[in-house]
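To start, the structure under review is shown below, and the notes come after it.
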Amino acid sequence: MLVLVINSGSSSLKYQVRDVAAGTVLTEGLIEKIGMGNGGGGDGEIEGPRDHAEALEQVDAAIHRELGGLELAAVGHRVVHGGERFAEPVLVDNEITRAIERLNPLAPLHNPANVLGIRAITKKWPKMPQVAVFDTAFHRTLPEHAWRYAVPDELYTNHGIRRYGFHGTSHEYVARRSAVLLDLPIEEFDGVIAHLGNGASVTAIRGGRSVDTSMGFTPLEGLVMGTRSGDLDPSILVFLGRAGWSPEDIDTMLNRESGLKGLAGNNDMRSVVEASESGDEKARMALAVASYRLAKYIGGYHVAVGGAKALVFTAGIGENSQQFRAHVADRLGALGIELDAGLNARRPKEPRVISTPSSAIPVLVVPTDEERAIAEATAAVVGSGS
């Protein structure tokens, strides 16, 4: 089965065509600057496609150039927020599309773009099966004591304010690959998975299921990220509001100007590591803050899973930054974690163990492949007709 995987952003459309049975990528690409002008404020003459429908025409043309007469069987969409309704991938129809759209307030930077991608496909290929695969779905197994915030119940019942968690497609995929590497049934895998990219989250996996995760109501909570603050005292926001900051100012500061960028002036981990190694004090402190925050979560989630059988690093930083992995591991001596410097420095693309034989908890690097997970989930839903 050939599946087109779509990851729609507000001004971009990332795509990949996968042969699910063969496990191969046939073609992939990225359409950018959708609806964006060449003026200083984003206005002016449109530089890229006018909208997602026009972007999809470019995708269609690129696919036909690469694949000729091969036909797609289905389209799988990454959808960031599924709320409480969606606990698994679903076949898309008009009602499902509207339901996803109603969740826009919970993920205003992501869900509207996801809906645009779905509607663009519906317009171009009205009979094409589409499946929505939700970032939040894997975390629907969180127990209530993990997803509850200690605020008045009406905030949950009236507004849906609770911990949802994100990066679920990646965490689930990596958990399964990790269990295979350790020769464990997924039902016996207890571990801590650190998905570290420009967005970052860590999840506690017990018996193959998510039981706690660092991101919450939105993807802002938790770890220090590229441009997001992660955890901070909520009273800071009250203080800033009383000082004249607007909600938009606060949102921009927390989501776009904080994290590594706020601490070191750069949200690229490679640049921060290089600056730190060159003696830049701000970069050194940024690494210290980020690694300390992650180490605290790992320690807590070791307790949450009843004793982790593995610590797993994944995603761009987790897979490629040996320096940051070492910074984190150096803080985990109390757990008996010990990296092998030589194994940590290697960069093969397959899953691997990077800890010493004497490490109390194996440390793994497992490359994530969210597109593969979405394609496989799409094929399963379409194949079952559900």
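In the structure tokens, each chain is lettered A, B, ... as it comes, each chain's residues begin at 1, and ligands are numbered from 1 in order of appearance.
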- Item | Residues within 7 Å of range 324-331 of chain A, only C-alpha atoms, excluding chain neighbours under 6 positions, as number ranges by chain | A: 291-292, 295, 318, 337-339
Write the residues you've just listed into a file as a short mmCIF file (atom, residue, chain, number, x, y, z; two decimals), in the first residue's frame, and include all heavy atoms for each of them.
```
data_model
loop_
_atom_site.label_atom_id
_atom_site.label_comp_id
_atom_site.auth_asym_id
_atom_site.auth_seq_id
_atom_site.Cartn_x
_atom_site.Cartn_y
_atom_site.Cartn_z
N SER A 291 20.05 20.49 30.67
CA SER A 291 20.38 19.12 31.08
C SER A 291 19.90 18.85 32.50
O SER A 291 19.45 17.73 32.80
CB SER A 291 21.89 18.88 30.97
OG SER A 291 22.63 19.75 31.82
N TYR A 292 19.96 19.84 33.38
CA TYR A 292 19.47 19.67 34.75
C TYR A 292 17.97 19.43 34.76
O TYR A 292 17.47 18.53 35.46
CB TYR A 292 19.83 20.90 35.57
CG TYR A 292 19.34 20.85 37.00
CD1 TYR A 292 19.83 19.92 37.90
CD2 TYR A 292 18.37 21.75 37.45
CE1 TYR A 292 19.38 19.88 39.22
CE2 TYR A 292 17.91 21.72 38.75
CZ TYR A 292 18.42 20.79 39.64
OH TYR A 292 17.96 20.74 40.93
N ALA A 295 17.33 15.92 33.52
CA ALA A 295 17.76 14.91 34.50
C ALA A 295 16.74 14.80 35.63
O ALA A 295 16.47 13.69 36.12
CB ALA A 295 19.14 15.26 35.04
N GLY A 318 18.45 14.36 20.53
CA GLY A 318 18.66 13.09 21.22
C GLY A 318 19.47 12.10 20.42
O GLY A 318 20.28 11.34 20.97
N ILE A 337 23.69 5.26 36.18
CA ILE A 337 23.83 5.36 34.72
C ILE A 337 25.25 5.74 34.36
O ILE A 337 25.84 6.66 34.95
CB ILE A 337 22.82 6.37 34.15
CG1 ILE A 337 21.42 5.75 34.16
CG2 ILE A 337 23.20 6.82 32.75
CD1 ILE A 337 20.33 6.67 33.70
N GLU A 338 25.80 5.06 33.39
CA GLU A 338 27.18 5.30 32.96
C GLU A 338 27.27 5.11 31.45
O GLU A 338 27.02 4.02 30.93
CB GLU A 338 28.12 4.33 33.67
CG GLU A 338 29.59 4.57 33.40
CD GLU A 338 30.45 3.60 34.18
OE1 GLU A 338 30.72 3.87 35.37
OE2 GLU A 338 30.84 2.56 33.62
N LEU A 339 27.63 6.18 30.74
CA LEU A 339 27.77 6.08 29.28
C LEU A 339 29.15 5.55 28.92
O LEU A 339 30.13 5.79 29.61
CB LEU A 339 27.58 7.45 28.62
CG LEU A 339 26.21 8.11 28.68
CD1 LEU A 339 26.18 9.31 27.74
CD2 LEU A 339 25.10 7.14 28.35
#
```
Close residues, Gly168 in chain A itself excluded, 6 Å, only C-alpha atoms, min 2 positions apart in chain, as a short mmCIF file (atom, residue, chain, number, x, y, z; two decimals) with N, CA, C and O atoms, in the first residue's frame:
```
data_model
loop_
_atom_site.label_atom_id
_atom_site.label_comp_id
_atom_site.auth_asym_id
_atom_site.auth_seq_id
_atom_site.Cartn_x
_atom_site.Cartn_y
_atom_site.Cartn_z
N ASP A 135 -1.08 13.31 17.79
CA ASP A 135 0.06 13.38 18.70
C ASP A 135 -0.32 13.04 20.13
O ASP A 135 0.49 12.53 20.90
N THR A 136 -1.54 13.39 20.50
CA THR A 136 -1.98 13.25 21.89
C THR A 136 -2.49 11.84 22.21
O THR A 136 -2.63 11.49 23.39
N PHE A 138 -1.46 8.67 22.15
CA PHE A 138 -0.69 7.72 22.94
C PHE A 138 -0.77 8.03 24.43
O PHE A 138 -0.65 7.14 25.28
N PHE A 166 2.18 15.43 24.20
CA PHE A 166 2.39 15.52 22.75
C PHE A 166 3.56 14.61 22.35
O PHE A 166 4.10 13.89 23.17
N SER A 170 5.78 9.66 18.13
CA SER A 170 7.20 9.36 18.27
C SER A 170 7.46 8.49 19.49
O SER A 170 8.18 7.49 19.41
N HIS A 171 6.88 8.85 20.62
CA HIS A 171 7.12 8.08 21.84
C HIS A 171 6.65 6.63 21.70
O HIS A 171 7.34 5.71 22.15
N GLU A 172 5.50 6.43 21.06
CA GLU A 172 5.00 5.07 20.89
C GLU A 172 5.91 4.27 19.96
O GLU A 172 6.25 3.11 20.24
#
```
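The gap separating CA of Met215 in chain A from CA of Val366 in chain A is 20.5 Å, in Å to one decimal.
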- Residue list (alpha helix (DSSP H), DSSP) for range 228-362 of chain A, as number ranges by chain: A: 235-242, 247-256, 259-264, 269-277, 281-304, 315-320, 322-330, 341-345
- Note on the structure: Leu26 in chain A proximity check over A:Gly259, A:Leu72, A:Asn7, A:Ala204, using only C-alpha atoms: winner is A:Leu72
- Would you please give, as JSON, numbers by chain, all residues of range 111-360 of chain A that DSSP assigns to strand (DSSP E) based on the backbone? {"A": [130, 131, 132, 133, 134, 191, 192, 193, 194, 195, 196, 200, 201, 202, 203, 204, 205, 206, 209, 210, 211, 212, 213, 310, 311, 312, 313, 314, 352, 353]}
- Query: Near Glu370 in chain A, counting only C-alpha atoms, which residues have an atom at most 7 Å away, once you skip same-chain residues fewer than 2 positions from it, shown as a list in words?
  - Reply: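 Surrounding residues, per the criterion: Thr169, Ser170, Thr368, Arg372, Ala373 and Ile374 of chain A.
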For range 125-131 of chain A: contacts at 9 Å, only C-alpha atoms, fewer than 3 positions along chain excluded, given as a CSV table (one decimal) with C-alpha atoms, in the first residue's frame:
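Output file out-v3.csv follows:
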```csv
chain,number,residue,atom,x,y,z
A,72,LEU,CA,-1.7,6.3,-3.8
A,73,ALA,CA,-4.0,4.2,-1.7
A,74,ALA,CA,-4.5,6.6,1.3
A,75,VAL,CA,-3.3,9.8,3.0
A,76,GLY,CA,-2.2,9.9,6.6
A,77,HIS,CA,-2.2,13.3,8.4
A,78,ARG,CA,-0.3,14.2,11.5
A,89,PRO,CA,-6.2,7.0,14.5
A,90,VAL,CA,-9.5,7.6,12.7
A,91,LEU,CA,-10.8,7.5,9.2
A,92,VAL,CA,-11.6,11.1,8.3
A,93,ASP,CA,-15.0,12.3,7.2
A,118,ILE,CA,-7.2,17.6,5.3
A,120,ALA,CA,-7.0,20.4,0.6
A,121,ILE,CA,-6.9,16.6,0.1
A,122,THR,CA,-10.7,16.4,0.3
A,374,ILE,CA,1.7,7.5,10.6
A,377,ALA,CA,-1.3,3.5,11.3
A,378,THR,CA,-3.0,4.8,8.2
A,379,ALA,CA,-2.7,1.5,6.4
A,381,VAL,CA,-7.1,1.9,9.6
A,382,VAL,CA,-7.9,1.8,5.9
```
- Between CA of Thr141 in chain A and CA of Gly230 in chain A, distance in Å (one decimal): 22.6 Å
- Tell me which of A:Ala179, A:Ile31, A:Ile161, A:Ile354 sits closest to Leu56 in chain A, counting only C-alpha atoms.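 Using only C-alpha atoms, Leu56 in chain A sits closest to A:Ile31.
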- Task: Counting only C-alpha atoms, figure out which residue out of A:Leu155, A:Ile193, A:Ile34, A:Leu223 gets nearest to Arg177 in chain A.
- Result: A:Ile193
- Message: I'd like the contact shell of Ala194 in chain A - 10 Å cut-off, only C-alpha atoms, skipping same-chain residues fewer than 5 positions apart - returned as number ranges by chain.
- Response: A: 171, 174, 200-204, 213-214, 223, 294, 297-298, 311-315, 317-318, 365
- Message: Just the number, please: distance in Å from CA of Phe134 in chain A to CA of Val79 in chain A, one decimal.
- Response: 4.8 Å
